[in-house]
Amino acid sequence: MAVGIVIVSHSARLAEGVAELAGQMSMGEVTIAVAGGTDDGSIGTSIDKVAAALQKASSPDGTLVLLDLGSAVMITEMALEMLDAQEKERVIISTAPLVEGAVLAAVEASAGSTLQEVAEAANNGHDMPKGHQA
Amino acid sequence: MAVGIVIVSHSARLAEGVAELAGQMSMGEVTIAVAGGTDDGSIGTSIDKVAAALQKASSPDGTLVLLDLGSAVMITEMALEMLDAQEKERVIISTAPLVEGAVLAAVEASAGSTLQEVAEAANNGHDMPKGHQA
Amino acid sequence: MPVTTGDIRDWIQRSGQVLHENNAYLTQLDSAIGDADHGINMDRGFQAVNKKLAGMEEADISTLLKTTGTTLVSTVGGASGPLYGTAFLRAGVATAGKQTLESADLITLFEAALEGVKARGKAQTGEKTMLDALAPAIEAAKQAQAAQASLAQIVQAMVAGAEVGTKATIEMTATKGRASYLGERSVGHQDPGATSCWLLLQALADSIKQA
Amino acid sequence: MPVTTGDIRDWIQRSGQVLHENNAYLTQLDSAIGDADHGINMDRGFQAVNKKLAGMEEADISTLLKTTGTTLVSTVGGASGPLYGTAFLRAGVATAGKQTLESADLITLFEAALEGVKARGKAQTGEKTMLDALAPAIEAAKQAQAAQASLAQIVQAMVAGAEVGTKATIEMTATKGRASYLGERSVGHQDPGATSCWLLLQALADSIKQA
Ligand SMILES: Nc1ncnc2c1ncn2[C@@H]1O[C@H](COP(=O)(O)OP(=O)(O)O)[C@@H](O)[C@H]1O
Ligand SMILES: Nc1ncnc2c1ncn2[C@@H]1O[C@H](COP(=O)(O)OP(=O)(O)O)[C@@H](O)[C@H]1O
Ligand SMILES: [Mg+2]
Ligand SMILES: [Mg+2]
Ligand SMILES: [Mg+2]
Ligand SMILES: [Mg+2]
């Protein structure tokens with residue numbers, strides 16, 4: 001089983017778009033769960049959506065959470081506090097850029113890499129080449 | 001008039017979500033045009049959509065283009081080649097992370113900054129704090 | 001006179017009303033240095049809270065505060081959700097078992113809330129956040145208490161402290177939250193979260209006066 | 001016998017057919033090191049091209065090639081769109097005014113295409129891309145030409161060069177395009193873009209044989 005990925009965004013469309021893009025590179029081998037927007041569909045974050053996504057992407061190999069903006073960190077941490085200690089230990093909240101980190105994490109996770117490796121791959125998104133290198 | 005912003009993504013939802021998120025921070029003072037997905041609605045890029053978005057976000061102060069993945073650079077450059085030299089000079093293709101760069105660019109553009117300043121603000125997205133700093 | 005369960009219930013209801021009335025104002029403050037939703041967020045959150053509390057006739061102070069906290073976390077949708085949510089949750093924990101609150105209990109309640117906000121947001125005072133209303137409010141409360149003020153006077157002192165603190169945020173540069181994306185440009189604008197904090201304390205003062 | 005306008009038209013039609021037949025194969029190659037759409041992209045692009053060319057009975061070689069280029073740019077949707085698009089556009093420019101193509105013209109055509117792909121993608125050979133089929137094909141063509149081979153033999157040499165080049169991509173590490181996200185893990189897989197390039201050259205050989 002591969003490391004799971006959770007996409008937390010203030011926008012539902014953004015979260016789904018990221019999952020769509022990253023999912024293309026992992027060929028369905030990686031669960032990419034989304035938590036986008038508030039419960040009533042406006043722009044913001046929802047602890048229930050984050051908790052549900054964490055559940056959905058939960059894997060014995062761990063879960064990497066990627067966020068759009070820093071203000072999503074707090075609600076994500078509160079969702080993590082609802083997990084038991086063992087589950088919580090298997091989750092890393094990434095500081096990587098959302099889109100770039102998610103694509104690289106999906107590629108890495110689909111290769112069966114460890115959570116630590118997937119988290120490091122996501123961090124390469126900080127400087128993903130967008131000039132002519134790729 | 002503010003610098004315009006163009007969001008080029010392989011996913012239509014992703015592009016719209018980014019525009020939605022960044023638009024929240026610029027309060028309608030900045031034109032954020034999207035070019036997401038192919039003409040037939042699948043995942044990919046469309047030169048016609050990019051050209052239309054460039055047109056829509058065109059501003060005497062310039063336009064900053066943000067992309068999801070490096071492979072969108074080529075089609076964006078071909079769309080730029082369709083502009084006249086003067087228009088073309090007023091466009092910068094950013095290498096910043098898409099979501100983070102777009103939010104910071106929207107904030108900067110809404111303050112009436114120059115294209116160069118907006119491009120630099122977007123580049124701060126490479127290391128946008130997502131720990132507890134924000 | 002100590003604060004009763006009824007006062008706390010009245011405070012939370014009144015807060016909902018005040019935040020509803022100030023929805024546009026808070027949202028406008030947030031539009032200058034954020035994403036123009038703080039009033040919407042707080043109004044939505046407290047509407048949900050009051051709907052929830054309406055069905056909990058028998059709840060004690062601690063339960064009222066904790067329920068407020070969890071409901072805010074679930075419904076606010078912005079950074080203020082986990083922040084105020086944690087504040088009320090910690091306040092609920094700090095008042096466990098209490099049927100009434102004396103001055104010291106009230107100060108304990110707010111100190112717990114302050115620690116909660118700090119722990120959740122990893123911010124300090126001076127960063128242009130709600131902390132800049134809450135922390136000086138507590139400082140003022142402690143000074144009033146040391147000067148043997150009544151509970152009502154202590155709460156009045158908190159309101160005054162929050163007002164001064166909120167206005168002081170105008171000159172601050174934001175280094176936490178969305179306003180930090182503006183850098184130096186955040187100067188000259190009053191922080192929406194500090195403002196809602198001040199409003200919440202004003203509502204408490206009004207509830208106690210009423211009682 | 002030089003290449004005629006009819007041969008070029010036949011080549012492009014045949015390419016559409018071959019890419020349609022190889023849609024699943026190319027997509028599968030792309031699924032290993034990319035996003036599983038190269039066959040879909042190329043099939044879609046050439047279907048649009050052939051629909052467009054059907055209405056252009058009078059077009060000369062240059063116009064056929066340029067129209068193919070612009071249509072691919074507009075319809076492919078992936079990196080291969082601007083790349084093959086630029087290749088065909090430059091080929092069209094290089095053949096301006098020609099009613100037939102001698103061996104030297106054909107080599108000029110493909111050299112222009114190669115330069116176009118390099119300029120567009122800023123890649124070099126050895127980076128596991130379509131260049132690794134196209135560049136050795138042109139090398140082989142030049143050697144065949146130097147050895148006085150016929151035009152048909154020259155094109156056969158191109159196909160053989162492209163085949164060798166495509167197979168050589170298996171051992172390469174991708175440093176351009178999506179496959180570069182896999183780093184070392186891209187080794188062991190044949191590049192989809194090199195494969196489609198080889199198929200296009202094979203189609204050209206078949207069109208010329210047919211003629
Ligand atoms: N890390 C933090 N610590 C304390 N308060 C914060 C922090 N981040 C944001 N805030 C407060 O939250 C307020 C914004 O709340 P709100 O607009 O509801 O959330 P959002 O910024 O997610 O839209 C700010 O005005 C500030 O007072
Ligand atoms: N910079 C580049 N230069 C040359 N060829 C490239 C470059 N980037 C990608 N390619 C080629 O494009 C092929 C992928 O095309 P395709 O799957 O249609 O596009 P995408 O990667 O956008 O999905 C690769 O197999 C490779 O041969
Ligand atoms: Mg806000
Ligand atoms: Mg918000
Ligand atoms: Mg592909
Ligand atoms: Mg693609």
# chains A, B, ... in the order shown; residues from 1 in each chain; ligands from 1

$ select_by_dssp --residues "chain A" --states "strand (DSSP E)" --output "ChimeraX atom specification"
/A:4-9,32-36,63-67,91-93

$ write_last_selection --atoms "all heavy atoms" --output "CSV table (one decimal), in the first residue's frame"
chain,number,residue,atom,x,y,z
A,4,GLY,N,-0.6,7.7,1.6
A,4,GLY,CA,-1.8,8.5,1.2
A,4,GLY,C,-1.5,10.0,1.2
A,4,GLY,O,-0.6,10.4,1.9
A,5,ILE,N,-2.3,10.7,0.4
A,5,ILE,CA,-2.1,12.1,0.3
A,5,ILE,C,-3.4,12.9,0.6
A,5,ILE,O,-4.4,12.4,0.1
A,5,ILE,CB,-1.5,12.5,-1.1
A,5,ILE,CG1,-0.1,11.9,-1.3
A,5,ILE,CG2,-1.5,14.0,-1.3
A,5,ILE,CD1,0.4,12.1,-2.7
A,6,VAL,N,-3.3,13.9,1.4
A,6,VAL,CA,-4.5,14.7,1.7
A,6,VAL,C,-4.2,16.2,1.2
A,6,VAL,O,-3.1,16.7,1.5
A,6,VAL,CB,-4.8,14.7,3.2
A,6,VAL,CG1,-5.9,15.8,3.5
A,6,VAL,CG2,-5.3,13.4,3.6
A,7,ILE,N,-5.2,16.7,0.5
A,7,ILE,CA,-5.1,18.1,0.0
A,7,ILE,C,-6.0,18.9,0.7
A,7,ILE,O,-7.3,18.8,0.6
A,7,ILE,CB,-5.4,18.1,-1.6
A,7,ILE,CG1,-4.6,17.1,-2.4
A,7,ILE,CG2,-5.3,19.5,-2.1
A,7,ILE,CD1,-3.2,17.3,-2.4
A,8,VAL,N,-5.5,19.9,1.5
A,8,VAL,CA,-6.4,20.8,2.2
A,8,VAL,C,-6.3,22.2,1.6
A,8,VAL,O,-5.2,22.7,1.4
A,8,VAL,CB,-5.9,20.9,3.7
A,8,VAL,CG1,-6.9,21.9,4.4
A,8,VAL,CG2,-5.9,19.6,4.4
A,9,SER,N,-7.5,22.6,1.2
A,9,SER,CA,-7.5,24.0,0.5
A,9,SER,C,-8.7,24.7,1.0
A,9,SER,O,-9.7,24.1,1.3
A,9,SER,CB,-7.5,23.8,-1.0
A,9,SER,OG,-7.8,25.0,-1.6
A,32,ILE,N,-5.6,10.0,-3.0
A,32,ILE,CA,-5.5,11.4,-2.8
A,32,ILE,C,-6.8,11.9,-2.4
A,32,ILE,O,-7.8,12.0,-3.2
A,32,ILE,CB,-5.0,12.1,-4.1
A,32,ILE,CG1,-3.7,11.5,-4.7
A,32,ILE,CG2,-4.8,13.6,-3.9
A,32,ILE,CD1,-3.2,12.0,-6.0
A,33,ALA,N,-6.9,12.2,-1.1
A,33,ALA,CA,-8.2,12.7,-0.6
A,33,ALA,C,-8.2,14.2,-0.5
A,33,ALA,O,-7.2,14.8,-0.2
A,33,ALA,CB,-8.5,12.0,0.8
A,34,VAL,N,-9.4,14.8,-0.7
A,34,VAL,CA,-9.4,16.3,-0.7
A,34,VAL,C,-10.3,16.8,0.5
A,34,VAL,O,-11.3,16.2,0.9
A,34,VAL,CB,-10.0,16.8,-2.0
A,34,VAL,CG1,-9.1,16.5,-3.2
A,34,VAL,CG2,-11.4,16.4,-2.3
A,35,ALA,N,-9.9,17.9,1.0
A,35,ALA,CA,-10.7,18.7,2.0
A,35,ALA,C,-10.7,20.1,1.5
A,35,ALA,O,-9.7,20.9,1.8
A,35,ALA,CB,-10.1,18.5,3.4
A,36,GLY,N,-11.7,20.5,0.7
A,36,GLY,CA,-11.7,21.8,0.2
A,36,GLY,C,-12.9,22.6,0.5
A,36,GLY,O,-14.0,22.1,0.4
A,63,THR,N,0.6,9.2,5.9
A,63,THR,CA,-0.2,10.1,5.1
A,63,THR,C,0.5,11.5,5.1
A,63,THR,O,1.0,11.9,6.1
A,63,THR,CB,-1.6,10.4,5.7
A,63,THR,OG1,-2.2,9.1,6.0
A,63,THR,CG2,-2.5,11.2,4.8
A,64,LEU,N,0.6,12.1,3.9
A,64,LEU,CA,1.2,13.4,3.8
A,64,LEU,C,0.1,14.4,3.5
A,64,LEU,O,-0.7,14.2,2.6
A,64,LEU,CB,2.2,13.4,2.6
A,64,LEU,CG,3.0,14.7,2.6
A,64,LEU,CD1,4.0,14.8,3.7
A,64,LEU,CD2,3.7,14.9,1.2
A,65,VAL,N,0.0,15.4,4.3
A,65,VAL,CA,-1.0,16.5,4.1
A,65,VAL,C,-0.3,17.7,3.5
A,65,VAL,O,0.7,18.2,3.9
A,65,VAL,CB,-1.6,16.9,5.5
A,65,VAL,CG1,-2.7,17.9,5.3
A,65,VAL,CG2,-2.1,15.7,6.2
A,66,LEU,N,-0.9,18.2,2.4
A,66,LEU,CA,-0.5,19.4,1.8
A,66,LEU,C,-1.5,20.5,1.9
A,66,LEU,O,-2.7,20.2,1.7
A,66,LEU,CB,-0.1,19.1,0.3
A,66,LEU,CG,1.1,18.2,0.1
A,66,LEU,CD1,0.8,17.0,-0.8
A,66,LEU,CD2,2.3,19.0,-0.5
A,67,LEU,N,-1.1,21.7,2.1
A,67,LEU,CA,-2.1,22.8,2.3
A,67,LEU,C,-1.9,24.0,1.4
A,67,LEU,O,-0.8,24.2,0.9
A,67,LEU,CB,-1.8,23.4,3.7
A,67,LEU,CG,-1.5,22.5,4.9
A,67,LEU,CD1,-0.7,23.2,5.9
A,67,LEU,CD2,-2.8,21.9,5.4
A,91,VAL,N,1.3,10.8,10.3
A,91,VAL,CA,0.9,11.9,9.4
A,91,VAL,C,1.9,13.0,9.5
A,91,VAL,O,2.4,13.3,10.5
A,91,VAL,CB,-0.5,12.5,9.9
A,91,VAL,CG1,-0.9,13.6,9.0
A,91,VAL,CG2,-1.5,11.4,9.9
A,92,ILE,N,2.3,13.5,8.3
A,92,ILE,CA,3.2,14.6,8.2
A,92,ILE,C,2.4,15.8,7.5
A,92,ILE,O,1.8,15.5,6.5
A,92,ILE,CB,4.5,14.3,7.5
A,92,ILE,CG1,5.4,13.3,8.3
A,92,ILE,CG2,5.3,15.6,7.2
A,92,ILE,CD1,6.7,13.0,7.6
A,93,ILE,N,2.5,17.0,8.1
A,93,ILE,CA,2.0,18.1,7.4
A,93,ILE,C,3.1,18.8,6.7
A,93,ILE,O,4.1,19.2,7.3
A,93,ILE,CB,1.3,19.1,8.4
A,93,ILE,CG1,0.2,18.5,9.2
A,93,ILE,CG2,0.8,20.4,7.7
A,93,ILE,CD1,-0.4,19.4,10.3

$ residues_around --residues "range 99-113 of chain D" --least-positions-apart "5" --cutoff "9 Å" --atoms "only C-alpha atoms" --output "ChimeraX atom specification"
/D:1-5,60-62,84,86-94,118,134-135,138,141-142,145,150-152,154-155

$ write_last_selection --atoms "N, CA, C and O atoms" --output "compact mmCIF listing (two decimals), in the first residue's frame"
# COMPACT_ATOMS: atom_id res chain seq x y z
N MET D 1 12.93 9.11 -57.18
CA MET D 1 11.70 9.91 -57.30
C MET D 1 11.56 10.87 -56.12
O MET D 1 11.62 10.42 -54.99
N PRO D 2 11.37 12.16 -56.40
CA PRO D 2 11.23 13.11 -55.27
C PRO D 2 9.88 12.91 -54.58
O PRO D 2 8.97 12.28 -55.12
N VAL D 3 9.82 13.45 -53.37
CA VAL D 3 8.57 13.40 -52.58
C VAL D 3 7.61 14.45 -53.15
O VAL D 3 8.00 15.60 -53.36
N THR D 4 6.38 14.05 -53.39
CA THR D 4 5.38 14.97 -53.96
C THR D 4 4.43 15.49 -52.87
O THR D 4 4.42 15.00 -51.74
N THR D 5 3.63 16.47 -53.29
CA THR D 5 2.61 16.99 -52.38
C THR D 5 1.68 15.87 -51.94
O THR D 5 1.28 15.78 -50.78
N ASP D 60 -0.20 23.35 -50.92
CA ASP D 60 1.09 22.80 -51.32
C ASP D 60 1.79 22.19 -50.10
O ASP D 60 1.25 22.19 -48.99
N ILE D 61 2.97 21.67 -50.32
CA ILE D 61 3.71 20.97 -49.25
C ILE D 61 3.87 21.86 -48.02
O ILE D 61 3.57 21.46 -46.90
N SER D 62 4.33 23.06 -48.24
CA SER D 62 4.58 23.98 -47.14
C SER D 62 3.30 24.25 -46.35
O SER D 62 3.31 24.24 -45.11
N TYR D 84 5.74 19.10 -31.36
CA TYR D 84 5.49 18.66 -32.74
C TYR D 84 4.92 19.81 -33.57
O TYR D 84 5.16 19.91 -34.76
N THR D 86 5.69 23.00 -33.39
CA THR D 86 6.82 23.80 -33.85
C THR D 86 7.61 23.05 -34.91
O THR D 86 8.06 23.64 -35.91
N ALA D 87 7.76 21.75 -34.72
CA ALA D 87 8.50 20.94 -35.70
C ALA D 87 7.84 21.05 -37.08
O ALA D 87 8.53 21.33 -38.08
N PHE D 88 6.53 20.85 -37.15
CA PHE D 88 5.85 20.90 -38.45
C PHE D 88 5.81 22.32 -39.00
O PHE D 88 5.93 22.52 -40.21
N LEU D 89 5.64 23.30 -38.12
CA LEU D 89 5.66 24.69 -38.58
C LEU D 89 6.99 25.03 -39.23
O LEU D 89 7.04 25.60 -40.33
N ARG D 90 8.08 24.68 -38.55
CA ARG D 90 9.41 24.97 -39.10
C ARG D 90 9.65 24.17 -40.39
O ARG D 90 10.29 24.67 -41.32
N ALA D 91 9.13 22.95 -40.42
CA ALA D 91 9.25 22.14 -41.64
C ALA D 91 8.53 22.84 -42.79
O ALA D 91 9.02 22.87 -43.94
N GLY D 92 7.37 23.42 -42.45
CA GLY D 92 6.60 24.15 -43.47
C GLY D 92 7.36 25.36 -43.98
O GLY D 92 7.39 25.63 -45.20
N VAL D 93 7.99 26.06 -43.08
CA VAL D 93 8.77 27.24 -43.48
C VAL D 93 9.95 26.81 -44.35
O VAL D 93 10.25 27.44 -45.37
N ALA D 94 10.59 25.71 -43.98
CA ALA D 94 11.79 25.23 -44.69
C ALA D 94 11.47 24.74 -46.10
O ALA D 94 12.37 24.63 -46.94
N LYS D 118 14.16 21.67 -30.50
CA LYS D 118 15.19 22.08 -29.54
C LYS D 118 14.90 23.48 -28.99
O LYS D 118 15.02 23.73 -27.79
N LEU D 134 14.55 11.72 -33.15
CA LEU D 134 14.67 12.60 -34.33
C LEU D 134 16.13 12.87 -34.70
O LEU D 134 16.51 12.81 -35.89
N ALA D 135 16.96 13.15 -33.71
CA ALA D 135 18.35 13.51 -34.01
C ALA D 135 19.11 12.35 -34.65
O ALA D 135 19.74 12.55 -35.71
N ILE D 138 18.10 11.87 -38.28
CA ILE D 138 18.69 12.83 -39.21
C ILE D 138 20.16 12.49 -39.46
O ILE D 138 20.65 12.56 -40.59
N ALA D 141 20.18 9.77 -41.87
CA ALA D 141 19.83 10.26 -43.21
C ALA D 141 21.03 10.89 -43.90
O ALA D 141 21.30 10.65 -45.08
N LYS D 142 21.77 11.66 -43.12
CA LYS D 142 22.95 12.34 -43.69
C LYS D 142 24.01 11.34 -44.13
O LYS D 142 24.64 11.50 -45.18
N GLN D 145 22.80 9.72 -47.24
CA GLN D 145 22.95 10.65 -48.36
C GLN D 145 24.41 10.72 -48.84
O GLN D 145 24.68 10.68 -50.04
N SER D 150 19.43 6.29 -52.30
CA SER D 150 18.23 6.89 -52.90
C SER D 150 17.40 7.54 -51.82
O SER D 150 17.59 7.30 -50.62
N LEU D 151 16.43 8.34 -52.28
CA LEU D 151 15.57 9.01 -51.31
C LEU D 151 14.86 7.97 -50.45
O LEU D 151 14.80 8.11 -49.21
N ALA D 152 14.34 6.93 -51.06
CA ALA D 152 13.64 5.90 -50.29
C ALA D 152 14.58 5.25 -49.27
O ALA D 152 14.19 4.99 -48.12
N ILE D 154 17.19 6.67 -47.97
CA ILE D 154 17.47 7.66 -46.93
C ILE D 154 16.37 7.65 -45.87
O ILE D 154 16.64 7.65 -44.67
N VAL D 155 15.14 7.59 -46.33
CA VAL D 155 14.02 7.57 -45.37
C VAL D 155 14.05 6.28 -44.56
O VAL D 155 13.81 6.28 -43.35

$ residues_near_ligand --ligand "ligand 2" --cutoff "8 Å" --atoms "only C-alpha atoms and all ligand atoms" --output "JSON, numbers by chain"
{"A": [132, 133, 134], "B": [44, 71, 72], "D": [27, 30, 34, 35, 36, 37, 38, 39, 40, 41, 42, 76, 77, 78, 79, 80, 81, 83, 117, 118, 120, 121, 122, 123, 124, 128, 129, 130, 131, 176, 177, 178, 179, 191, 192, 193, 194, 195]}

$ interface_residues --of "chain B" --to "chain D" --cutoff "12 Å" --atoms "only C-alpha atoms" --output "PyMOL selection string"
chain B and resi 9-11+36-51+69-79+81-82

$ residues_around --residues "range 161-166 of chain C" --least-positions-apart "6" --cutoff "6 Å" --atoms "only C-alpha atoms" --output "list in words"
Asp132, Ala133, Pro136, Ala137, Ala140, Ala194, Thr195 and Trp198 of chain C

$ closest_residue --among "D:Ile33, D:Leu64, D:Ala203, D:Ile208" --to "ligand 6" --atoms "only C-alpha atoms and all ligand atoms"
D:Ile33

$ closest_residue --among "B:Asp68, B:Val118, B:Met1, B:His126" --to "Ala102 in chain A" --atoms "only C-alpha atoms"
B:Asp68

$ residues_around --residues "Ala109 in chain B" --least-positions-apart "5" --cutoff "8 Å" --atoms "only C-alpha atoms" --output "list in words"
Ala2, Val3, Gly4, Ser26, Val30, Thr114, Leu115 and Val118 of chain B
